[in-house]
file target.txt (compact mmCIF, C-alpha atoms)
# COMPACT_ATOMS: atom_id res chain seq x y z
CA MET A 1 18.08 14.91 -14.81
CA GLN A 2 15.87 12.77 -17.04
CA ILE A 3 13.06 10.73 -15.54
CA TYR A 4 14.75 7.31 -15.78
CA ASP A 5 17.86 8.57 -14.01
CA GLU A 6 15.62 10.18 -11.37
CA LEU A 7 13.89 6.86 -10.72
CA VAL A 8 17.30 5.25 -10.23
CA ALA A 9 18.47 8.08 -7.97
CA ARG A 10 15.34 7.75 -5.83
CA GLY A 11 16.09 4.05 -5.30
CA LEU A 12 13.00 2.81 -7.11
CA ILE A 13 14.41 0.49 -9.75
CA ALA A 14 15.70 -2.94 -8.80
CA GLN A 15 15.93 -4.90 -12.09
CA VAL A 16 15.30 -4.36 -15.78
CA THR A 17 15.47 -6.53 -18.89
CA ASP A 18 16.35 -4.04 -21.65
CA GLU A 19 17.76 -0.99 -19.92
CA ASP A 20 18.77 1.06 -22.96
CA GLU A 21 15.40 0.59 -24.64
CA ILE A 22 13.51 1.25 -21.40
CA ARG A 23 15.50 4.41 -20.74
CA ASP A 24 14.78 5.66 -24.27
CA LEU A 25 11.03 5.01 -24.06
CA VAL A 26 10.61 6.45 -20.56
CA ASN A 27 12.73 9.55 -21.14
CA ASN A 28 10.95 10.37 -24.40
CA GLY A 29 7.43 9.83 -23.07
CA LYS A 30 6.82 6.81 -25.30
CA ALA A 31 6.24 4.19 -22.61
CA VAL A 32 2.75 2.71 -22.38
CA PHE A 33 3.14 0.84 -19.11
CA TYR A 34 0.96 -1.06 -16.70
CA ILE A 35 0.95 -1.97 -13.04
CA GLY A 36 -1.52 -4.51 -11.69
CA PHE A 37 -3.59 -4.20 -8.52
CA ASP A 38 -5.49 -7.17 -7.12
CA PRO A 39 -8.73 -5.90 -5.52
CA THR A 40 -8.48 -7.89 -2.29
CA ALA A 41 -9.96 -5.07 -0.15
CA ASP A 42 -12.24 -2.07 -0.64
CA SER A 43 -9.40 0.40 -0.21
CA LEU A 44 -5.81 0.83 -1.29
CA HIS A 45 -3.25 1.02 1.49
CA VAL A 46 0.24 2.45 1.86
CA GLY A 47 1.68 -0.79 0.52
CA HIS A 48 0.35 0.40 -2.86
CA PHE A 49 1.76 3.87 -2.36
CA MET A 50 5.04 3.41 -4.19
CA ALA A 51 3.32 2.08 -7.30
CA LEU A 52 0.85 4.97 -7.35
CA CYS A 53 3.61 7.55 -6.93
CA LEU A 54 5.64 5.89 -9.68
CA MET A 55 2.71 6.04 -12.08
CA LYS A 56 2.23 9.70 -11.28
CA ARG A 57 5.92 10.46 -11.89
CA LEU A 58 5.96 8.69 -15.23
CA GLN A 59 2.71 10.30 -16.37
CA MET A 60 4.10 13.73 -15.49
CA ALA A 61 7.01 12.89 -17.82
CA GLY A 62 4.60 12.22 -20.70
CA ASN A 63 4.22 8.46 -20.46
CA LYS A 64 0.86 6.67 -20.46
CA PRO A 65 -0.15 4.55 -17.45
CA ILE A 66 -2.52 1.61 -17.60
CA VAL A 67 -4.00 0.61 -14.27
CA LEU A 68 -4.81 -3.09 -14.50
CA ILE A 69 -7.42 -4.13 -11.96
CA GLY A 70 -7.10 -7.84 -11.32
CA GLY A 71 -10.75 -8.75 -11.32
CA GLY A 72 -9.86 -12.01 -13.07
CA THR A 73 -6.59 -12.92 -11.38
CA ALA A 74 -8.19 -12.18 -8.01
CA MET A 75 -10.36 -15.22 -8.66
CA ILE A 76 -7.14 -17.26 -8.48
CA GLY A 77 -4.94 -15.45 -5.97
CA ASP A 78 -1.23 -14.64 -6.25
CA PRO A 79 0.90 -17.14 -4.27
CA SER A 80 3.83 -14.69 -4.05
CA GLY A 81 4.85 -13.97 -0.49
CA ARG A 82 2.09 -16.13 0.98
CA SER A 83 2.31 -19.23 3.17
CA ASP A 84 -1.24 -20.39 2.48
CA MET A 85 -3.97 -20.09 -0.13
CA ARG A 86 -5.82 -16.80 -0.29
CA GLN A 87 -9.49 -16.85 0.62
CA MET A 88 -11.80 -16.85 -2.40
CA MET A 89 -13.85 -13.74 -3.09
CA THR A 90 -17.20 -13.47 -4.83
CA LYS A 91 -17.58 -11.61 -8.14
CA GLU A 92 -19.74 -9.03 -6.35
CA THR A 93 -17.05 -8.32 -3.75
CA ILE A 94 -14.37 -8.01 -6.41
CA GLU A 95 -16.50 -5.59 -8.45
CA HIS A 96 -17.16 -3.45 -5.37
CA ASN A 97 -13.46 -3.31 -4.52
CA CYS A 98 -12.59 -2.38 -8.12
CA ASN A 99 -14.96 0.59 -7.98
CA CYS A 100 -13.38 1.78 -4.73
CA PHE A 101 -9.91 1.56 -6.27
CA LYS A 102 -10.94 3.71 -9.24
CA LYS A 103 -12.04 6.56 -7.01
CA GLN A 104 -8.85 6.56 -4.94
CA MET A 105 -6.48 6.23 -7.89
CA SER A 106 -7.94 9.30 -9.54
CA LYS A 107 -6.16 11.39 -6.89
CA PHE A 108 -2.82 10.26 -8.30
CA ILE A 109 -3.45 9.63 -11.98
CA ASP A 110 -5.10 11.83 -14.61
CA PHE A 111 -7.54 9.66 -16.57
CA SER A 112 -8.97 12.53 -18.65
CA ASP A 113 -8.71 12.62 -22.44
CA GLY A 114 -7.13 9.16 -22.67
CA LYS A 115 -4.03 10.20 -20.70
CA ALA A 116 -4.35 6.99 -18.70
CA LEU A 117 -6.47 3.86 -18.83
CA MET A 118 -8.05 1.68 -16.20
CA VAL A 119 -8.94 -1.82 -17.36
CA ASN A 120 -10.05 -5.02 -15.68
CA ASN A 121 -8.50 -8.34 -16.68
CA ALA A 122 -11.82 -10.03 -15.96
CA ASP A 123 -12.83 -8.70 -19.39
CA TRP A 124 -10.61 -11.29 -21.10
CA LEU A 125 -9.68 -13.88 -18.47
CA LEU A 126 -13.19 -14.92 -17.44
CA ASN A 127 -14.22 -15.73 -21.01
CA LEU A 128 -11.23 -17.90 -21.90
CA ASN A 129 -11.79 -21.39 -23.25
CA TYR A 130 -9.68 -23.76 -21.17
CA VAL A 131 -8.55 -26.10 -23.96
CA GLU A 132 -7.78 -23.21 -26.31
CA LEU A 133 -5.74 -21.52 -23.58
CA LEU A 134 -3.76 -24.70 -22.95
CA ARG A 135 -2.98 -25.08 -26.65
CA ASP A 136 -2.33 -21.41 -27.39
CA VAL A 137 -0.56 -20.23 -24.25
CA GLY A 138 0.26 -23.25 -22.10
CA ALA A 139 2.57 -24.63 -24.77
CA CYS A 140 4.81 -21.56 -24.31
CA PHE A 141 5.60 -22.35 -20.66
CA SER A 142 8.06 -24.87 -19.24
CA VAL A 143 6.85 -26.45 -16.00
CA ASN A 144 10.44 -27.14 -14.97
CA ARG A 145 11.30 -23.48 -15.38
CA MET A 146 8.14 -22.31 -13.62
CA LEU A 147 9.02 -24.41 -10.57
CA THR A 148 12.31 -22.55 -10.21
CA ALA A 149 10.44 -19.27 -9.66
CA GLU A 150 10.84 -18.01 -6.12
CA CYS A 151 7.09 -17.45 -5.69
CA TYR A 152 6.50 -21.18 -6.24
CA LYS A 153 9.57 -22.53 -4.45
CA GLN A 154 8.48 -20.85 -1.23
CA ARG A 155 5.18 -22.71 -1.34
CA MET A 156 6.22 -26.16 -2.54
CA GLU A 157 6.93 -27.54 0.94
CA LYS A 158 3.60 -26.41 2.41
CA GLY A 159 1.59 -27.17 -0.69
CA LEU A 160 0.82 -25.24 -3.86
CA SER A 161 -2.60 -25.68 -5.42
CA PHE A 162 -2.96 -26.17 -9.17
CA LEU A 163 -5.22 -23.11 -9.12
CA GLU A 164 -2.40 -20.89 -7.83
CA PHE A 165 0.09 -22.55 -10.18
CA ASN A 166 -1.82 -20.93 -13.04
CA TYR A 167 -1.28 -17.41 -11.71
CA MET A 168 1.94 -16.88 -13.66
CA ILE A 169 0.23 -17.91 -16.89
CA MET A 170 -2.70 -15.58 -16.23
CA GLN A 171 -0.43 -12.62 -15.44
CA SER A 172 1.67 -13.30 -18.53
CA TYR A 173 -1.49 -13.47 -20.62
CA ASP A 174 -2.49 -10.07 -19.23
CA PHE A 175 0.62 -8.49 -20.72
CA LEU A 176 -0.07 -10.13 -24.09
CA GLU A 177 -3.64 -8.79 -24.13
CA LEU A 178 -2.58 -5.32 -23.02
CA TYR A 179 0.07 -5.27 -25.73
CA LYS A 180 -2.41 -6.28 -28.45
CA ARG A 181 -5.31 -4.10 -27.24
CA TYR A 182 -3.57 -0.92 -26.08
CA GLY A 183 0.02 -1.04 -27.35
CA CYS A 184 1.35 -1.59 -23.83
CA ASN A 185 5.11 -2.00 -24.17
CA MET A 186 6.27 -2.06 -20.55
CA GLN A 187 5.28 -3.58 -17.23
CA PHE A 188 6.23 -2.63 -13.70
CA GLY A 189 5.86 -4.64 -10.52
CA GLY A 190 7.30 -5.51 -7.16
CA ASP A 191 10.50 -7.42 -6.69
CA ASP A 192 8.55 -10.63 -5.99
CA GLN A 193 6.84 -10.36 -9.39
CA TRP A 194 10.00 -10.74 -11.48
CA SER A 195 9.33 -14.31 -12.65
CA ASN A 196 5.72 -13.51 -13.54
CA MET A 197 6.76 -10.47 -15.53
CA LEU A 198 9.50 -12.31 -17.39
CA GLY A 199 6.83 -14.85 -18.37
CA GLY A 200 4.78 -12.05 -19.94
CA THR A 201 7.72 -10.62 -21.86
CA GLU A 202 8.67 -14.04 -23.23
CA LEU A 203 5.07 -14.87 -24.13
CA ILE A 204 4.75 -11.74 -26.27
CA ARG A 205 7.99 -12.44 -28.05
CA LYS A 206 7.05 -16.07 -28.72
CA LYS A 207 3.50 -15.34 -29.86
CA LEU A 208 4.17 -12.19 -31.88
CA SER A 209 7.77 -11.65 -32.87
CA LYS A 210 11.20 -11.56 -31.33
CA ASP A 211 11.32 -7.85 -32.09
CA ALA A 212 8.06 -7.11 -30.29
CA TYR A 213 8.48 -4.38 -27.73
CA ALA A 214 7.87 -6.06 -24.40
CA MET A 215 9.96 -4.95 -21.48
CA THR A 216 9.93 -5.47 -17.77
CA ILE A 217 11.11 -3.41 -14.88
CA THR A 218 10.84 -4.17 -11.17
CA LEU A 219 10.82 -1.84 -8.25
CA LEU A 220 11.75 -2.09 -4.62
CA LEU A 221 8.00 -2.24 -4.23
CA ASN A 222 6.96 -5.25 -2.20
CA SER A 223 9.90 -5.52 0.19
CA GLU A 224 9.48 -1.86 1.13
CA GLY A 225 5.82 -1.32 0.32
CA LYS A 226 4.40 -4.26 2.20
CA LYS A 227 6.48 -3.35 5.23
CA MET A 228 5.19 0.21 4.99
CA GLY A 229 1.58 -0.99 5.03
CA LYS A 230 1.71 -2.74 8.40
CA THR A 231 1.17 -1.30 11.88
CA GLN A 232 -0.21 -2.59 15.14
CA LYS A 233 -3.73 -2.09 13.73
CA GLY A 234 -2.99 -3.79 10.41
CA ALA A 235 -2.98 -1.90 7.15
CA VAL A 236 -2.82 1.88 6.90
CA TRP A 237 -5.55 2.65 4.39
CA LEU A 238 -5.89 5.52 1.94
CA ASP A 239 -9.64 5.63 2.61
CA PRO A 240 -10.21 8.34 5.29
CA GLU A 241 -13.10 6.30 6.70
CA LYS A 242 -10.66 3.50 7.52
CA THR A 243 -7.59 5.56 8.45
CA SER A 244 -8.26 9.20 9.30
CA PRO A 245 -5.97 11.92 7.87
CA TYR A 246 -4.64 12.44 11.40
CA GLU A 247 -3.81 8.74 11.81
CA PHE A 248 -2.28 8.71 8.33
CA TYR A 249 -0.11 11.70 9.22
CA GLN A 250 0.92 10.12 12.51
CA TYR A 251 1.90 6.89 10.79
CA TRP A 252 4.45 8.69 8.61
CA ARG A 253 5.48 11.01 11.47
CA ASN A 254 6.47 7.93 13.45
CA VAL A 255 8.62 6.10 10.88
CA ALA A 256 12.00 4.91 12.10
CA ASP A 257 14.94 7.31 11.92
CA ALA A 258 16.72 4.92 9.55
CA ASP A 259 13.78 4.96 7.09
CA VAL A 260 12.69 8.59 6.96
CA LEU A 261 15.07 9.89 4.28
CA LYS A 262 14.57 6.76 2.19
CA CYS A 263 10.80 7.33 2.32
CA ILE A 264 11.17 11.00 1.42
CA ARG A 265 13.33 10.07 -1.55
CA MET A 266 11.04 7.31 -2.82
CA LEU A 267 7.60 8.68 -2.09
CA THR A 268 7.55 12.47 -2.09
CA PHE A 269 7.80 14.78 -5.07
CA LEU A 270 10.32 17.09 -3.43
CA PRO A 271 13.32 17.89 -5.67
CA LEU A 272 16.25 15.53 -5.24
CA GLU A 273 18.55 18.49 -4.66
CA GLU A 274 16.49 19.45 -1.63
CA ILE A 275 16.45 15.87 -0.34
CA ASP A 276 20.20 15.45 -0.82
CA LYS A 277 20.76 18.31 1.63
CA MET A 278 18.93 16.26 4.28
CA ASP A 279 21.39 13.36 4.03
CA SER A 280 23.53 14.88 6.76
CA TRP A 281 20.61 15.52 9.11
CA GLU A 282 20.64 13.79 12.47
CA GLY A 283 19.15 14.07 15.93
CA SER A 284 16.29 16.57 16.16
CA GLN A 285 16.66 17.33 12.45
CA LEU A 286 15.28 13.85 11.71
CA ASN A 287 12.08 14.85 13.51
CA THR A 288 11.80 17.77 11.11
CA ALA A 289 12.33 15.35 8.23
CA LYS A 290 9.53 13.14 9.57
CA GLU A 291 7.18 16.13 9.72
CA ILE A 292 8.05 16.96 6.10
CA LEU A 293 7.40 13.36 5.05
CA ALA A 294 4.10 13.14 6.93
CA PHE A 295 2.84 16.46 5.58
CA GLU A 296 3.79 15.78 1.95
CA LEU A 297 2.20 12.33 1.85
CA THR A 298 -0.94 13.37 3.73
CA LYS A 299 -1.32 16.28 1.31
CA LEU A 300 -0.94 13.91 -1.63
CA VAL A 301 -3.67 11.54 -0.40
CA HIS A 302 -6.07 13.79 1.52
CA GLY A 303 -5.35 17.30 0.25
CA GLU A 304 -3.45 20.24 1.71
CA GLU A 305 -6.23 21.36 4.04
CA GLU A 306 -6.44 17.98 5.80
CA ALA A 307 -2.66 17.73 5.92
CA THR A 308 -2.42 21.14 7.59
CA LYS A 309 -5.11 20.23 10.13
CA ALA A 310 -3.36 16.96 10.94
CA GLN A 311 -0.01 18.67 11.35
CA GLN A 312 -1.43 21.39 13.58
CA ALA A 313 -3.28 18.85 15.70
CA ALA A 314 -0.14 16.75 16.12
CA LYS A 315 2.01 19.72 17.10
CA ALA A 316 -0.56 21.05 19.57
CA LEU A 317 -1.01 17.62 21.09
CA PHE A 318 2.66 16.97 21.62
CA SER A 319 3.39 20.47 22.91
CA ASN A 320 0.62 20.89 25.45
CA GLY A 321 -2.07 18.31 24.85
CA GLY A 322 -4.44 21.06 23.81
CA ASN A 323 -5.87 20.29 20.38
CA THR A 324 -7.81 17.04 20.19
CA GLU A 325 -10.16 18.03 17.36
CA ASN A 326 -8.61 15.80 14.70
CA MET A 327 -7.48 13.02 17.00
CA PRO A 328 -8.73 9.46 16.26
CA THR A 329 -11.91 8.99 18.27
CA THR A 330 -13.90 6.04 19.58
CA GLU A 331 -17.42 6.37 20.91
CA LEU A 332 -18.65 4.31 23.85
CA SER A 333 -22.31 3.70 24.55
CA ASP A 334 -24.07 2.99 27.82
CA ASP A 335 -24.13 -0.68 26.86
CA ASP A 336 -20.32 -0.77 26.98
CA PHE A 337 -20.35 -0.05 30.70
CA THR A 338 -21.07 -2.49 33.50
CA ASP A 339 -22.18 -0.81 36.73
CA GLY A 340 -20.82 2.46 35.31
CA GLU A 341 -17.34 1.10 34.57
CA ILE A 342 -15.35 -0.37 31.67
CA SER A 343 -11.90 -1.96 31.73
CA VAL A 344 -9.19 0.17 30.13
CA VAL A 345 -8.04 -2.96 28.31
CA ASP A 346 -11.53 -3.35 26.81
CA VAL A 347 -11.46 0.30 25.75
CA MET A 348 -8.10 -0.13 23.98
CA LEU A 349 -9.40 -3.21 22.19
CA LYS A 350 -12.57 -1.39 21.08
CA ALA A 351 -10.45 1.54 19.87
CA GLY A 352 -8.32 -0.81 17.80
CA ILE A 353 -4.98 0.19 19.31
CA ILE A 354 -4.29 -3.35 20.53
CA LYS A 355 -4.93 -6.69 18.85
CA SER A 356 -5.81 -8.66 21.97
CA LYS A 357 -6.54 -8.30 25.66
CA GLY A 358 -3.28 -10.11 26.37
CA GLU A 359 -1.35 -7.39 24.53
CA GLY A 360 -3.26 -4.74 26.46
CA ARG A 361 -2.51 -6.31 29.84
CA ARG A 362 1.20 -6.53 29.00
CA LEU A 363 1.26 -2.87 27.98
CA VAL A 364 -0.36 -1.80 31.24
CA GLU A 365 2.02 -3.95 33.30
CA GLN A 366 4.98 -2.43 31.47
CA GLY A 367 3.79 1.11 32.18
CA GLY A 368 2.96 1.83 28.56
CA VAL A 369 -0.60 3.15 28.99
CA SER A 370 -1.76 6.55 30.24
CA VAL A 371 -5.22 8.03 30.78
CA ASP A 372 -5.38 11.83 30.61
CA ASP A 373 -1.59 11.93 30.87
CA GLU A 374 -1.54 9.84 34.05
CA LYS A 375 0.29 6.53 33.73
CA ILE A 376 -1.88 3.70 34.99
CA SER A 377 -0.77 0.61 36.87
CA GLY A 378 -2.69 -2.59 37.30
CA THR A 379 -4.66 -4.39 34.60
CA ALA A 380 -7.87 -4.02 36.62
CA TYR A 381 -7.95 -0.25 35.98
CA THR A 382 -11.34 0.94 34.76
CA LEU A 383 -12.81 4.05 33.23
CA LYS A 384 -15.92 5.34 34.95
CA ILE A 385 -18.75 7.36 33.42
CA SER A 386 -17.82 10.14 35.83
CA ASP A 387 -14.38 10.35 34.13
CA PHE A 388 -16.10 11.81 31.07
CA GLU A 389 -17.50 14.94 32.71
CA LYS A 390 -15.25 17.15 30.55
CA GLY A 391 -16.51 15.38 27.42
CA HIS A 392 -13.70 12.96 26.65
CA VAL A 393 -10.79 10.92 27.96
CA ILE A 394 -7.42 10.80 26.20
CA LEU A 395 -5.90 7.33 26.05
CA LYS A 396 -2.19 7.17 25.31
CA LYS A 397 -0.28 4.06 24.24
CA GLY A 398 3.48 4.43 24.53
CA LYS A 399 4.81 7.84 23.56
CA LYS A 400 3.17 8.34 20.17
CA VAL A 401 -0.29 6.76 19.96
CA PHE A 402 -3.13 9.00 21.19
CA HIS A 403 -6.84 8.20 21.08
CA LYS A 404 -9.84 10.21 22.20
CA ILE A 405 -12.63 8.30 23.96
CA ILE A 406 -16.11 9.83 24.21
CA ILE A 407 -19.56 8.69 25.28
CA LYS A 408 -22.46 8.96 22.82
call {"tool": "encode", "arguments": {"input": "target.txt", "output": "structure tokens"}}
result
Amino acid sequence: MQIYDELVARGLIAQVTDEDEIRDLVNNGKAVFYIGFDPTADSLHVGHFMALCLMKRLQMAGNKPIVLIGGGTAMIGDPSGRSDMRQMMTKETIEHNCNCFKKQMSKFIDFSDGKALMVNNADWLLNLNYVELLRDVGACFSVNRMLTAECYKQRMEKGLSFLEFNYMIMQSYDFLELYKRYGCNMQFGGDDQWSNMLGGTELIRKKLSKDAYAMTITLLLNSEGKKMGKTQKGAVWLDPEKTSPYEFYQYWRNVADADVLKCIRMLTFLPLEEIDKMDSWEGSQLNTAKEILAFELTKLVHGEEEATKAQQAAKALFSNGGNTENMPTTELSDDDFTDGEISVVDVMLKAGIIKSKGEGRRLVEQGGVSVDDEKISGTAYTLKISDFEKGHVILKKGKKVFHKIIIK
């Protein structure tokens, strides 16, 4: 099976503009393609995972990825999928986040010997002359047509700033610059980026020639990816300092039964023939599928050694509660205790396994919290310093979230 057909079979492609041409370029290793990443945090998260895996697949097939870091567009903020305006970031924060992205992406993409590029659109966007841009690029865009884009329609009722209205023009200009500078002939993005990407394709063809190679392809990236990136604690990060390998493993081990095979198909590099055999799995077999998914993705991000440790820790924990070495851990200090005690709700909040004390109290009242495998009742329950004589206390939320609490 050629790479384009594999992408389709894995459920990755949602829409394309020029399918025959795209198939030819991708299958013959002639695609120079880009995916953009806005540096809104100092770590990538699993919402970016599908894009990173896609870039890796295409590079393995001989195509050349361009990672576009949105140091310039981040100064504006993408209105897609948002109900309000994104908070502005300083240039220093954006630069720091860009550097963090580079380090993490190198685990997926080979940047050696020009096999891939990483560029920052701040290099051309921040030096643009406003009047020249209006005359040169703005004339190519119809306001009426822009307002029909879903990313703008969703915001019109609540208010869309003129700043954000320019995002489509900036993203389209990115594709034009990448085409001229690096021969980039293809762009990929999430399903909510379709209008922005079409703007880039049309801009190239208007500014250069109708025959200019400029093609777009969208993935089931945002609808699936953004959902993947959210848990009770917020985003699941690729940075081990933010989300430990054990927590990362547990996140994928706990995906819903209905999603596990879809995730295996989209995100792992297991052969499709092997995955197809899992389509008939049900019951306890789905737990095995979840372990395969969790191990493969943890290995991809954190390496095989960390993946093995996380898997062993999870199995030992669920079988007999024995191995707590790689369990997420929170340290308490003497200052956290009042008269030698601390509320279990306060401990859960400090550990980050609840968002608010109200959520914690509801969990306790519903019987969803255990301390050292003993279900607790009553929101006034406290942990005492004497409870830590063995070195730690294991806090359990529901059936799947474990956290080790220790005293410094």
call {"tool": "residues_around", "arguments": {"input": "target.txt", "residues": "A:Gly29", "least_positions_apart": "2", "cutoff": "12 Å", "atoms": "only C-alpha atoms", "output": "list in words"}}
result
Gln2, Ile3, Tyr4, Ile22, Arg23, Asp24, Leu25, Val26, Asn27, Ala31, Val32, Phe33, Arg57, Leu58, Gln59, Met60, Ala61, Gly62, Asn63, Lys64, Pro65 and Lys115 of chain A
call {"tool": "residues_around", "arguments": {"input": "target.txt", "residues": "stretch 338-353 of chain A", "least_positions_apart": "4", "cutoff": "7 Å", "atoms": "only C-alpha atoms", "output": "MDAnalysis selection string"}}
result
chainID A and resid 232:233 330 357 360:361 380:385
call {"tool": "residues_around", "arguments": {"input": "target.txt", "residues": "A:Tyr34", "least_positions_apart": "6", "cutoff": "7 Å", "atoms": "all atoms listed in the file", "output": "PyMOL selection string"}}
result
chain A and resi 65-68+186-188
call {"tool": "closest_residue", "arguments": {"input": "target.txt", "among": "A:Asn196, A:Asn127, A:Thr329, A:Asn28", "to": "A:Cys151", "atoms": "only C-alpha atoms"}}
result
A:Asn196
call {"tool": "closest_residue", "arguments": {"input": "target.txt", "among": "A:Leu208, A:Ile264, A:Leu363, A:Ala258", "to": "A:Glu282", "atoms": "only C-alpha atoms"}}
result
A:Ala258
call {"tool": "closest_residue", "arguments": {"input": "target.txt", "among": "A:Lys399, A:Thr268, A:Leu54, A:Ile204", "to": "A:Leu219", "atoms": "all atoms listed in the file"}}
result
A:Leu54
call {"tool": "closest_residue", "arguments": {"input": "target.txt", "among": "A:Cys140, A:Ile407, A:Trp124, A:Asp20", "to": "A:Leu332", "atoms": "all atoms listed in the file"}}
result
A:Ile407
call {"tool": "residues_near_point", "arguments": {"input": "target.txt", "point": "(-7.0, 1.4, 3.1)", "cutoff": "9 Å", "atoms": "all atoms listed in the file", "output": "list in words"}}
result
Ala41, Asp42, Ser43, Leu44, His45, Val46, Ala235, Val236, Trp237, Leu238, Asp239, Pro240, Glu241, Lys242 and Thr243 of chain A
